[in-house]
>>> print(open('input-v8.csv').read())   # CSV, C-alpha atoms
chain,number,residue,atom,x,y,z
A,30,MET,CA,72.3,64.4,128.2
A,31,ARG,CA,74.3,66.8,126.2
A,32,LYS,CA,72.7,70.0,125.0
A,33,VAL,CA,72.1,69.6,121.3
A,34,LEU,CA,73.7,72.3,119.3
A,35,THR,CA,72.4,73.1,115.9
A,36,LEU,CA,73.4,75.6,113.2
A,37,ALA,CA,70.8,77.9,111.8
A,38,VAL,CA,71.3,77.9,108.1
A,39,ALA,CA,70.1,80.9,106.1
A,40,ALA,CA,67.4,80.0,103.6
A,41,THR,CA,69.2,81.0,100.5
A,42,ALA,CA,72.7,82.4,101.2
A,43,SER,CA,74.0,79.2,102.8
A,44,LEU,CA,72.6,76.7,100.3
A,45,ALA,CA,74.9,75.5,97.5
A,46,LEU,CA,73.7,74.6,94.0
A,47,LEU,CA,74.3,70.9,94.4
A,48,ALA,CA,71.3,68.6,94.1
A,49,VAL,CA,71.1,65.2,95.7
A,50,PRO,CA,68.1,62.9,96.0
A,51,ALA,CA,65.8,63.5,99.0
A,52,ALA,CA,65.3,60.5,101.3
A,53,ALA,CA,61.5,60.4,101.1
A,54,ASP,CA,60.3,61.3,97.7
A,55,ASN,CA,63.4,61.5,95.4
A,56,ARG,CA,62.8,65.2,94.7
A,57,PRO,CA,66.1,67.2,94.4
A,58,GLN,CA,67.3,68.9,97.6
A,59,GLU,CA,70.2,71.2,98.0
A,60,LEU,CA,73.2,70.5,100.2
A,61,PRO,CA,73.9,73.2,102.7
A,62,ALA,CA,77.2,75.1,102.5
A,63,ASP,CA,77.8,74.3,106.2
A,64,ILE,CA,76.7,71.4,108.4
A,65,TYR,CA,77.5,71.7,112.1
A,66,GLY,CA,78.5,68.5,114.0
A,67,GLY,CA,77.9,69.8,117.5
A,68,ALA,CA,80.3,70.4,120.4
A,69,TRP,CA,81.9,67.4,122.2
A,70,THR,CA,84.4,67.0,125.0
A,71,GLU,CA,85.9,63.7,123.7
A,72,GLY,CA,88.4,65.1,121.2
A,73,HIS,CA,88.9,67.0,118.0
A,74,VAL,CA,87.2,66.0,114.8
A,75,GLN,CA,89.1,63.2,112.9
A,76,GLY,CA,86.9,62.5,109.9
A,77,ILE,CA,83.5,62.9,108.3
A,78,ALA,CA,81.2,60.9,106.1
A,79,ILE,CA,77.8,61.4,104.4
A,80,ASP,CA,74.8,59.4,103.2
A,81,GLN,CA,73.5,61.7,100.5
A,82,ARG,CA,70.5,59.5,99.7
A,83,LYS,CA,69.1,59.4,103.2
A,84,GLY,CA,70.4,62.8,104.2
A,85,TYR,CA,72.7,62.1,107.2
A,86,MET,CA,76.2,63.3,108.2
A,87,TYR,CA,78.7,61.4,110.4
A,88,PHE,CA,81.5,63.0,112.4
A,89,SER,CA,84.3,61.2,114.3
A,90,PHE,CA,85.4,63.2,117.4
A,91,THR,CA,88.3,60.9,118.4
A,92,ASN,CA,86.2,58.5,120.5
A,93,VAL,CA,82.6,59.2,119.7
A,94,LEU,CA,80.7,58.8,116.4
A,95,VAL,CA,78.1,61.5,115.9
A,96,LYS,CA,75.1,61.3,113.5
A,97,THR,CA,73.3,64.4,112.4
A,98,ASP,CA,70.8,65.4,109.7
A,99,LEU,CA,71.9,67.8,107.0
A,100,LYS,CA,70.7,70.8,109.1
A,101,GLY,CA,73.1,69.8,111.9
A,102,ASN,CA,70.4,68.4,114.2
A,103,LEU,CA,71.7,65.6,116.4
A,104,ILE,CA,70.2,62.2,115.5
A,105,GLY,CA,72.4,60.0,117.7
A,106,SER,CA,75.9,59.1,118.9
A,107,VAL,CA,78.0,56.1,119.7
A,108,THR,CA,80.2,56.4,122.7
A,109,GLY,CA,82.3,54.2,125.0
A,110,PHE,CA,85.4,54.0,122.9
A,111,THR,CA,88.7,54.2,124.7
A,112,GLY,CA,90.7,53.8,121.5
A,113,HIS,CA,91.2,56.3,118.7
A,114,LEU,CA,88.4,56.6,116.1
A,115,GLY,CA,89.8,58.2,113.0
A,116,ASP,CA,88.8,58.8,109.4
A,117,LEU,CA,85.4,57.7,108.1
A,118,ASP,CA,83.8,56.7,104.8
A,119,PHE,CA,80.3,55.7,103.9
A,120,ASN,CA,79.9,52.5,101.9
A,121,ALA,CA,76.9,53.0,99.6
A,122,LYS,CA,76.9,49.3,98.7
A,123,ASP,CA,75.9,48.1,102.2
A,124,GLY,CA,74.8,51.4,103.8
A,125,ARG,CA,77.3,51.3,106.6
A,126,VAL,CA,80.0,53.7,107.8
A,127,TYR,CA,83.6,52.4,108.1
A,128,GLY,CA,86.3,54.0,110.2
A,129,SER,CA,89.8,53.4,111.5
A,130,LEU,CA,90.0,52.3,115.2
A,131,GLU,CA,93.3,52.1,117.1
A,132,TYR,CA,94.2,50.5,120.4
A,133,LYS,CA,98.0,51.1,120.5
A,134,GLU,CA,98.6,49.9,124.0
A,135,GLN,CA,96.8,46.6,123.2
A,136,GLU,CA,98.6,46.4,119.9
A,137,SER,CA,95.2,46.1,118.1
A,138,PHE,CA,94.1,47.9,115.0
A,139,TYR,CA,90.6,47.5,113.6
A,140,ILE,CA,88.2,48.7,110.9
A,141,ALA,CA,85.1,49.7,112.8
A,142,ILE,CA,81.9,49.1,110.9
A,143,PHE,CA,78.8,51.0,112.0
A,144,ASP,CA,75.2,49.9,111.4
A,145,VAL,CA,74.2,53.5,111.1
A,146,ASP,CA,70.5,52.9,110.6
A,147,ARG,CA,70.4,51.7,114.2
A,148,ILE,CA,72.0,54.9,115.5
A,149,THR,CA,68.8,56.6,116.7
A,150,SER,CA,69.6,58.2,120.1
A,151,PRO,CA,72.5,59.9,121.9
A,152,ASN,CA,75.1,57.9,123.9
A,153,MET,CA,74.6,54.5,122.5
A,154,ASP,CA,77.3,52.3,123.9
A,155,ALA,CA,79.8,50.8,121.4
A,156,GLN,CA,80.2,47.6,123.3
A,157,THR,CA,76.7,46.8,124.4
A,158,THR,CA,74.3,48.0,121.7
A,159,ASP,CA,75.5,45.9,118.8
A,160,VAL,CA,75.7,49.1,116.6
A,161,VAL,CA,79.4,48.5,115.7
A,162,LYS,CA,81.4,45.5,114.5
A,163,THR,CA,85.2,45.3,114.1
A,164,VAL,CA,87.7,43.6,111.8
A,165,TYR,CA,91.3,43.1,112.9
A,166,LEU,CA,94.1,44.2,110.5
A,167,LYS,CA,97.0,41.8,111.0
A,168,GLU,CA,99.2,43.5,108.4
A,169,VAL,CA,99.1,46.7,110.4
A,170,VAL,CA,99.8,45.0,113.7
A,171,ALA,CA,102.8,43.2,112.2
A,172,ASP,CA,104.3,46.5,111.0
A,173,TYR,CA,103.5,48.5,114.1
A,174,THR,CA,105.1,45.9,116.5
A,175,ALA,CA,108.1,45.2,114.3
A,176,ASP,CA,111.4,45.1,116.3
A,177,MET,CA,113.5,46.9,113.7
A,178,ASN,CA,116.7,47.2,115.6
A,179,GLY,CA,116.8,43.6,116.6
A,180,ASP,CA,117.3,44.2,120.3
A,181,GLY,CA,114.7,41.7,121.3
A,182,LYS,CA,112.1,44.1,122.6
A,183,PHE,CA,109.4,46.3,121.1
A,184,ASP,CA,109.6,49.9,122.3
A,185,GLY,CA,105.8,50.6,122.2
A,186,ASN,CA,103.9,53.7,121.4
A,187,VAL,CA,106.8,56.1,121.0
A,188,ALA,CA,108.1,57.9,117.8
A,189,GLU,CA,111.7,58.3,118.7
A,190,THR,CA,112.7,54.7,118.1
A,191,ALA,CA,114.0,52.5,115.3
A,192,ASP,CA,111.1,50.1,115.9
A,193,HIS,CA,107.8,50.2,113.8
A,194,ARG,CA,108.4,49.1,110.2
A,195,TYR,CA,108.1,52.2,107.9
A,196,GLY,CA,107.5,54.2,111.1
A,197,CYS,CA,104.0,52.7,111.3
A,198,SER,CA,101.9,54.2,114.2
A,199,GLY,CA,98.7,52.5,113.2
A,200,ILE,CA,96.0,53.6,110.8
A,201,ASP,CA,94.1,56.7,110.0
A,202,GLY,CA,92.8,57.4,106.5
A,203,VAL,CA,90.1,55.2,105.1
A,204,SER,CA,88.2,55.3,101.8
A,205,PHE,CA,86.4,53.2,99.3
A,206,GLY,CA,87.7,53.3,95.7
A,207,PRO,CA,89.0,51.2,92.8
A,208,GLU,CA,92.3,49.3,92.7
A,209,PHE,CA,95.2,51.6,92.2
A,210,GLY,CA,95.9,52.1,88.6
A,211,LYS,CA,92.3,51.4,87.6
A,212,LYS,CA,89.8,54.3,87.6
A,213,HIS,CA,86.9,52.0,87.3
A,214,GLY,CA,86.0,48.6,88.8
A,215,LYS,CA,85.2,47.0,92.1
A,216,GLN,CA,85.3,49.3,95.1
A,217,LEU,CA,88.0,48.2,97.6
A,218,LEU,CA,88.4,49.4,101.2
A,219,THR,CA,91.6,51.4,101.2
A,220,VAL,CA,93.4,52.1,104.5
A,221,ALA,CA,96.4,54.4,105.0
A,222,TYR,CA,99.0,54.0,107.8
A,223,GLY,CA,99.6,56.6,110.5
A,224,ILE,CA,103.3,57.3,110.4
A,225,TYR,CA,105.3,58.7,113.3
A,226,SER,CA,107.1,62.0,112.9
A,227,ASN,CA,110.7,61.1,113.3
A,228,VAL,CA,113.4,63.2,111.5
A,229,GLY,CA,116.2,60.9,112.6
A,230,ARG,CA,115.4,57.9,110.3
A,231,GLN,CA,115.2,57.5,106.6
A,232,ASP,CA,112.8,54.5,106.3
A,233,ASN,CA,109.6,56.5,107.1
A,234,ASP,CA,109.3,58.7,104.0
A,235,TYR,CA,106.5,56.8,102.4
A,236,GLN,CA,102.7,56.8,102.9
A,237,VAL,CA,101.8,53.1,103.2
A,238,VAL,CA,98.4,52.2,101.9
A,239,LEU,CA,96.6,48.8,102.0
A,240,GLN,CA,93.6,47.7,99.9
A,241,TYR,CA,91.1,45.0,100.9
A,242,ASP,CA,88.3,43.3,99.0
A,243,ILE,CA,85.7,43.2,101.8
A,244,GLN,CA,83.2,41.0,100.0
A,245,GLN,CA,83.8,38.1,102.4
A,246,TRP,CA,84.4,40.2,105.5
A,247,LYS,CA,81.2,39.2,107.3
A,248,LYS,CA,82.9,36.1,108.6
A,249,TYR,CA,85.5,38.3,110.3
A,250,GLU,CA,83.2,40.9,111.9
A,251,LYS,CA,83.1,40.7,115.7
A,252,PRO,CA,81.6,42.9,118.4
A,253,LEU,CA,84.0,45.3,120.1
A,254,THR,CA,85.2,44.0,123.4
A,255,GLU,CA,87.9,46.3,124.7
A,256,SER,CA,88.8,44.1,127.7
A,257,ASP,CA,89.6,41.2,125.4
A,258,PRO,CA,90.5,42.5,121.9
A,259,HIS,CA,89.8,39.9,119.3
A,260,LYS,CA,92.1,39.0,116.3
A,261,SER,CA,89.5,38.1,113.7
A,262,GLY,CA,90.5,39.5,110.3
A,263,PRO,CA,92.0,38.7,106.9
A,264,GLU,CA,95.4,37.0,106.8
A,265,HIS,CA,96.6,39.1,103.9
A,266,THR,CA,95.9,42.3,102.1
A,267,ASP,CA,94.7,42.6,98.5
A,268,GLY,CA,97.4,45.1,97.8
A,269,LYS,CA,100.1,47.0,99.7
A,270,TYR,CA,101.4,50.3,98.2
A,271,PHE,CA,103.9,53.0,98.9
A,272,ALA,CA,103.7,56.7,98.0
A,273,TYR,CA,106.9,58.8,98.4
A,274,THR,CA,106.0,62.1,100.0
A,275,GLY,CA,108.6,62.5,102.7
A,276,ASN,CA,107.8,61.8,106.4
A,277,THR,CA,104.6,63.4,107.6
A,278,THR,CA,103.2,63.8,111.2
A,279,TYR,CA,101.0,60.7,111.7
A,280,GLY,CA,100.6,59.8,108.0
A,281,VAL,CA,97.5,60.2,106.0
A,282,GLN,CA,94.9,61.7,108.3
A,283,ASN,CA,92.1,61.8,105.6
A,284,LEU,CA,92.1,59.6,102.5
A,285,GLU,CA,89.5,60.1,99.7
A,286,TRP,CA,88.9,58.6,96.3
A,287,ASP,CA,87.7,61.4,94.0
A,288,GLU,CA,86.0,60.3,90.7
A,289,HIS,CA,86.0,63.9,89.4
A,290,THR,CA,89.8,64.2,89.2
A,291,GLY,CA,90.4,60.4,89.0
A,292,ASN,CA,92.9,60.7,91.9
A,293,TRP,CA,93.3,59.6,95.4
A,294,MET,CA,93.5,62.6,97.8
A,295,MET,CA,95.7,62.5,100.9
A,296,ALA,CA,95.4,65.2,103.6
A,297,VAL,CA,98.1,65.2,106.2
A,298,TYR,CA,99.7,67.0,109.1
A,299,LYS,CA,102.8,68.5,107.7
A,300,GLY,CA,106.1,66.8,108.2
A,301,LYS,CA,109.3,68.2,109.7
A,302,LYS,CA,112.2,67.0,107.7
A,303,PRO,CA,114.0,69.9,106.2
A,304,GLN,CA,115.0,68.0,103.0
A,305,PHE,CA,111.3,67.7,102.0
A,306,PRO,CA,108.8,70.4,101.1
A,307,ASN,CA,106.4,69.2,103.8
A,308,TYR,CA,103.1,69.9,101.9
A,309,SER,CA,99.8,69.4,103.6
A,310,PHE,CA,98.0,67.8,100.7
A,311,PHE,CA,99.0,65.1,98.2
A,312,MET,CA,97.2,63.3,95.4
A,313,VAL,CA,98.0,59.9,93.9
A,314,ASP,CA,97.4,59.5,90.2
A,315,GLY,CA,94.5,57.1,90.0
A,316,GLY,CA,95.2,56.1,86.4
A,317,ALA,CA,98.9,55.3,86.8
A,318,ARG,CA,99.6,51.6,87.4
A,319,PRO,CA,101.8,50.9,90.4
A,320,SER,CA,105.4,50.1,89.5
A,321,GLU,CA,107.7,47.6,91.1
A,322,GLY,CA,110.7,49.3,92.6
A,323,ASP,CA,113.0,49.8,95.6
A,324,ILE,CA,111.6,51.2,98.8
A,325,VAL,CA,114.4,53.5,99.7
A,326,GLY,CA,115.8,53.9,103.1
A,327,GLN,CA,114.9,50.5,104.5
A,328,PRO,CA,117.4,48.7,106.8
A,329,GLN,CA,117.4,45.7,104.5
A,330,PRO,CA,116.9,46.1,100.7
A,331,GLU,CA,113.2,45.9,99.9
A,332,ARG,CA,111.0,46.2,96.9
A,333,GLY,CA,107.4,47.1,96.7
A,334,ARG,CA,104.5,48.5,94.6
A,335,LEU,CA,105.1,52.2,94.2
A,336,LEU,CA,102.4,54.8,93.6
A,337,THR,CA,102.8,57.9,91.4
A,338,LEU,CA,101.9,61.4,92.7
A,339,ALA,CA,99.5,63.2,90.4
A,340,PRO,CA,100.8,65.9,88.1
A,341,GLY,CA,100.2,69.6,89.0
A,342,GLY,CA,100.5,71.6,92.1
A,343,LEU,CA,103.8,72.5,93.7
A,344,GLN,CA,107.0,70.7,92.6
A,345,HIS,CA,110.0,70.2,94.9
A,346,ASP,CA,112.8,69.4,92.5
A,347,ALA,CA,115.3,68.2,95.1
A,348,SER,CA,113.1,65.4,96.4
A,349,GLY,CA,110.8,64.9,93.4
A,350,VAL,CA,107.7,65.3,95.6
A,351,ARG,CA,104.6,67.1,94.3
A,352,GLY,CA,101.7,68.4,96.4
A,353,TRP,CA,99.5,71.2,97.4
A,354,GLU,CA,98.6,73.3,100.5
A,355,PHE,CA,95.1,72.6,101.8
A,356,THR,CA,93.6,71.9,105.2
A,357,GLY,CA,91.7,68.7,104.7
A,358,GLU,CA,93.2,66.7,107.5
A,359,TYR,CA,90.2,67.0,109.8
A,360,GLY,CA,87.7,65.6,107.3
A,361,LEU,CA,87.2,65.4,103.5
A,362,ILE,CA,84.4,64.0,101.4
A,363,SER,CA,84.1,63.8,97.6
A,364,LEU,CA,80.5,64.5,96.8
A,365,GLY,CA,80.8,64.1,93.0
A,366,GLY,CA,80.9,66.7,90.2
A,367,GLY,CA,83.9,68.5,91.7
A,368,ARG,CA,82.2,69.3,95.0
A,369,TYR,CA,83.5,68.4,98.5
A,370,TYR,CA,82.8,68.7,102.2
A,371,VAL,CA,85.8,69.7,104.2
A,372,SER,CA,85.8,69.7,108.0
A,373,LYS,CA,86.8,72.8,109.8
A,374,SER,CA,87.9,72.0,113.4
A,375,GLY,CA,87.2,74.4,116.2
A,376,THR,CA,86.6,74.8,119.9
A,377,VAL,CA,83.8,76.4,122.0
A,378,THR,CA,83.4,77.0,125.7
A,379,GLU,CA,80.0,76.0,127.2
A,380,ASN,CA,79.3,76.5,131.0
A,381,GLY,CA,83.1,76.7,131.5
A,382,VAL,CA,83.8,73.5,129.7
A,383,SER,CA,85.9,73.5,126.5
A,384,LYS,CA,84.5,71.4,123.7
A,385,TYR,CA,85.5,70.5,120.2
A,386,THR,CA,83.5,71.4,117.1
A,387,SER,CA,83.3,70.7,113.4
A,388,HIS,CA,81.7,72.5,110.5
A,389,ALA,CA,81.5,70.5,107.3
A,390,GLN,CA,81.9,73.2,104.7
A,391,LEU,CA,81.3,73.0,101.0
A,392,TYR,CA,84.1,73.5,98.5
A,393,ARG,CA,84.5,73.1,94.7
A,394,TRP,CA,87.5,71.9,92.7
A,395,THR,CA,89.6,74.5,90.9
A,396,GLY,CA,92.9,72.7,90.3
A,397,GLN,CA,94.8,75.9,91.0
A,398,THR,CA,98.2,76.1,92.7
A,399,PRO,CA,99.0,76.1,95.6
A,400,THR,CA,95.4,75.4,96.7
A,401,PRO,CA,93.2,73.4,94.4
A,402,PHE,CA,89.8,74.1,96.1
A,403,GLU,CA,87.7,77.1,96.8
A,404,LYS,CA,85.0,77.5,99.4
A,405,VAL,CA,81.4,77.7,98.2
A,406,GLY,CA,79.0,80.4,99.5
>>> encode(input="input-v8.csv", output="C-alpha cells")
Amino acid sequence: MRKVLTLAVAATASLALLAVPAAADNRPQELPADIYGGAWTEGHVQGIAIDQRKGYMYFSFTNVLVKTDLKGNLIGSVTGFTGHLGDLDFNAKDGRVYGSLEYKEQESFYIAIFDVDRITSPNMDAQTTDVVKTVYLKEVVADYTADMNGDGKFDGNVAETADHRYGCSGIDGVSFGPEFGKKHGKQLLTVAYGIYSNVGRQDNDYQVVLQYDIQQWKKYEKPLTESDPHKSGPEHTDGKYFAYTGNTTYGVQNLEWDEHTGNWMMAVYKGKKPQFPNYSFFMVDGGARPSEGDIVGQPQPERGRLLTLAPGGLQHDASGVRGWEFTGEYGLISLGGGRYYVSKSGTVTENGVSKYTSHAQLYRWTGQTPTPFEKVG
C-alpha cells in the first residue's frame, strides 16, 4: 500500500475566506488555500473536481483517480486503467464524477462516470469493483479515425499525418454547463477534443466542443472492460461547436463553465504555429449565441456552429484571436463567487522513486491582463 501523504495546513494563514456547507451539520466551513493530492507513480495530474457539500476532492493522475478530504487525507483511489484518464467534473445533480477516458490504440473514447460514494479505500480496481461506468462517444471516434487523405488506411495515433478530422486526438476537457449562448438553463455535459499539434496543416486551428444532454444516459452506461471495449453510447451529440484559437498542443486540457464571468474557460498547452499568438488560456463568451459559418481550412468546404471568444485579455490582430496567459491546464475548478481551485503539477522523489504530485491552490478572479487570476493566501 502506498504511503499516504498529507499536507499540514496552517490554522489561519492557509485558510481562505470562502464558506461552503459542512457535510455533517451545515455549519459554514472554510476552504483551504491548498489541498494536496498525494504522490503517485502513474502519471502527472490531468484534472481535479470537488464535492463542496460533502467535502471531498478528486484528482486524476493519468490512470488513477484519487479521492481525498479537504485536508489532503487520502480516502481512496481507483486504479487499473491502461487508458488515459483526463479532465474531471463533479455533477451535483447525481453526485458522481465524470471524466474523459481514452484508448487510442483500441480507437475507443469514453466518458468515465465514477460512483464516488463507493470509493472508500486505496487501489479499488476499475474493472472489478463496479465503481466506474463508461459511455462510448461515437462522434469522437468517427473524427479520430477519419481517413482524411483518402489513401484507404488510417494512420493511427500519430500527429504528423493528414488523418484525424480537425486534427482530433481524442478528448480531454469536460465540464457541466448550459447550452452555448445561454447563461442559464439545463446543465449539459460538455466535452472538448484533444487536438494534435501539427504546424503543417490548416484544418486543425479550432477547439472542437461537443454537448450532450445526459438525462437518458443510464441506458448507455456499461462497466469498463478493457479487453473487449464496448460501443454503447449516444448516436448523436446535442451540439457540435468550433472555437477559433489556432492550433494548440492536445487541445483543451481543462474545460470549465464559470457562472461568475458567464464564460467557458479553456486551459491549454500552448500551440506552435508562428502565425498565431499561442496563448495558454481562452474563454468562450457564454452569452453569445453560436453563429453559422465556414470552418476555414477544411479539405472540403464545411460549415458549422462557431463560438465567440470572450472580450478582454490579449488581442492578436493578425489572427483575430483573444486570450490570456495562465497555467490552468493541470486542473481548474470554478467554486462560485469568483473563486477557483487551480492544480499545480509537481514531482517528488520518495525512496529513490520519482512520483507526480498536485496541489489544488485557491485563486480569485481579477479580470486583469495578461493573467486574469491571482492566488489567495
>>> residues_around(input="input-v8.csv", residues="region 264-266 of chain A", least_positions_apart="5", cutoff="7 Å", atoms="all atoms listed in the file", output="list of chain:residue names")
A:Lys167, A:Glu168, A:Leu239, A:Gln240, A:Tyr241
>>> write_last_selection(input="input-v8.csv", atoms="C-alpha atoms", output="PDB file, in the coordinates of the input")
ATOM      1  CA  LYS A 167      97.000  41.800 111.000  1.00  0.00           C
ATOM      2  CA  GLU A 168      99.200  43.500 108.400  1.00  0.00           C
ATOM      3  CA  LEU A 239      96.600  48.800 102.000  1.00  0.00           C
ATOM      4  CA  GLN A 240      93.600  47.700  99.900  1.00  0.00           C
ATOM      5  CA  TYR A 241      91.100  45.000 100.900  1.00  0.00           C
TER       6      TYR A 241
END
>>> closest_atom_pairs(input="input-v8.csv", of="region 75-119 of chain A", to="region 279-288 of chain A", cutoff="8 Å", atoms="only C-alpha atoms", output="tab-separated table")
residue	atom	partner	partner_atom	distance
A:Gln75	CA	A:Gln282	CA	7.6
A:Gly76	CA	A:Asn283	CA	6.8
A:Gly115	CA	A:Gln282	CA	7.8
A:Asp116	CA	A:Asn283	CA	5.9
>>> atom_distance(input="input-v8.csv", atom1="CA of Ala188 (chain A)", atom2="CA of Ile362 (chain A)")
29.5 Å
>>> atom_distance(input="input-v8.csv", atom1="CA of Asn186 (chain A)", atom2="CA of Thr376 (chain A)")
27.3 Å
>>> residues_around(input="input-v8.csv", residues="Pro258 (chain A)", least_positions_apart="5", cutoff="12 Å", atoms="only C-alpha atoms", output="ChimeraX atom specification")
/A:112,130-139,156,163-165,251-253
>>> residues_around(input="input-v8.csv", residues="Ala191 (chain A)", least_positions_apart="2", cutoff="9 Å", atoms="all atoms listed in the file", output="ChimeraX atom specification")
/A:176-178,184,188-189,193-194,196,230
>>> write_last_selection(input="input-v8.csv", atoms="C-alpha atoms", output="mmCIF file, keeping the file's coordinate frame")
data_model
loop_
_atom_site.group_PDB
_atom_site.id
_atom_site.type_symbol
_atom_site.label_atom_id
_atom_site.label_comp_id
_atom_site.auth_asym_id
_atom_site.auth_seq_id
_atom_site.Cartn_x
_atom_site.Cartn_y
_atom_site.Cartn_z
ATOM 1 C CA ASP A 176 111.400 45.100 116.300
ATOM 2 C CA MET A 177 113.500 46.900 113.700
ATOM 3 C CA ASN A 178 116.700 47.200 115.600
ATOM 4 C CA ASP A 184 109.600 49.900 122.300
ATOM 5 C CA ALA A 188 108.100 57.900 117.800
ATOM 6 C CA GLU A 189 111.700 58.300 118.700
ATOM 7 C CA HIS A 193 107.800 50.200 113.800
ATOM 8 C CA ARG A 194 108.400 49.100 110.200
ATOM 9 C CA GLY A 196 107.500 54.200 111.100
ATOM 10 C CA ARG A 230 115.400 57.900 110.300
#
>>> residues_around(input="input-v8.csv", residues="Phe183 (chain A)", least_positions_apart="4", cutoff="8 Å", atoms="all atoms listed in the file", output="list in words")
Thr174, Ala175, Asp176 and Asp192 of chain A
>>> atom_distance(input="input-v8.csv", atom1="CA of Gly109 (chain A)", atom2="CA of Tyr173 (chain A)")
24.5 Å
>>> closest_residue(input="input-v8.csv", among="A:Asp346, A:Asp232, A:Thr400, A:Ala389", to="Glu331 (chain A)", atoms="all atoms listed in the file")
A:Asp232
>>> closest_residue(input="input-v8.csv", among="A:Lys100, A:Arg368, A:Lys182, A:His388", to="Thr290 (chain A)", atoms="only C-alpha atoms")
A:Arg368
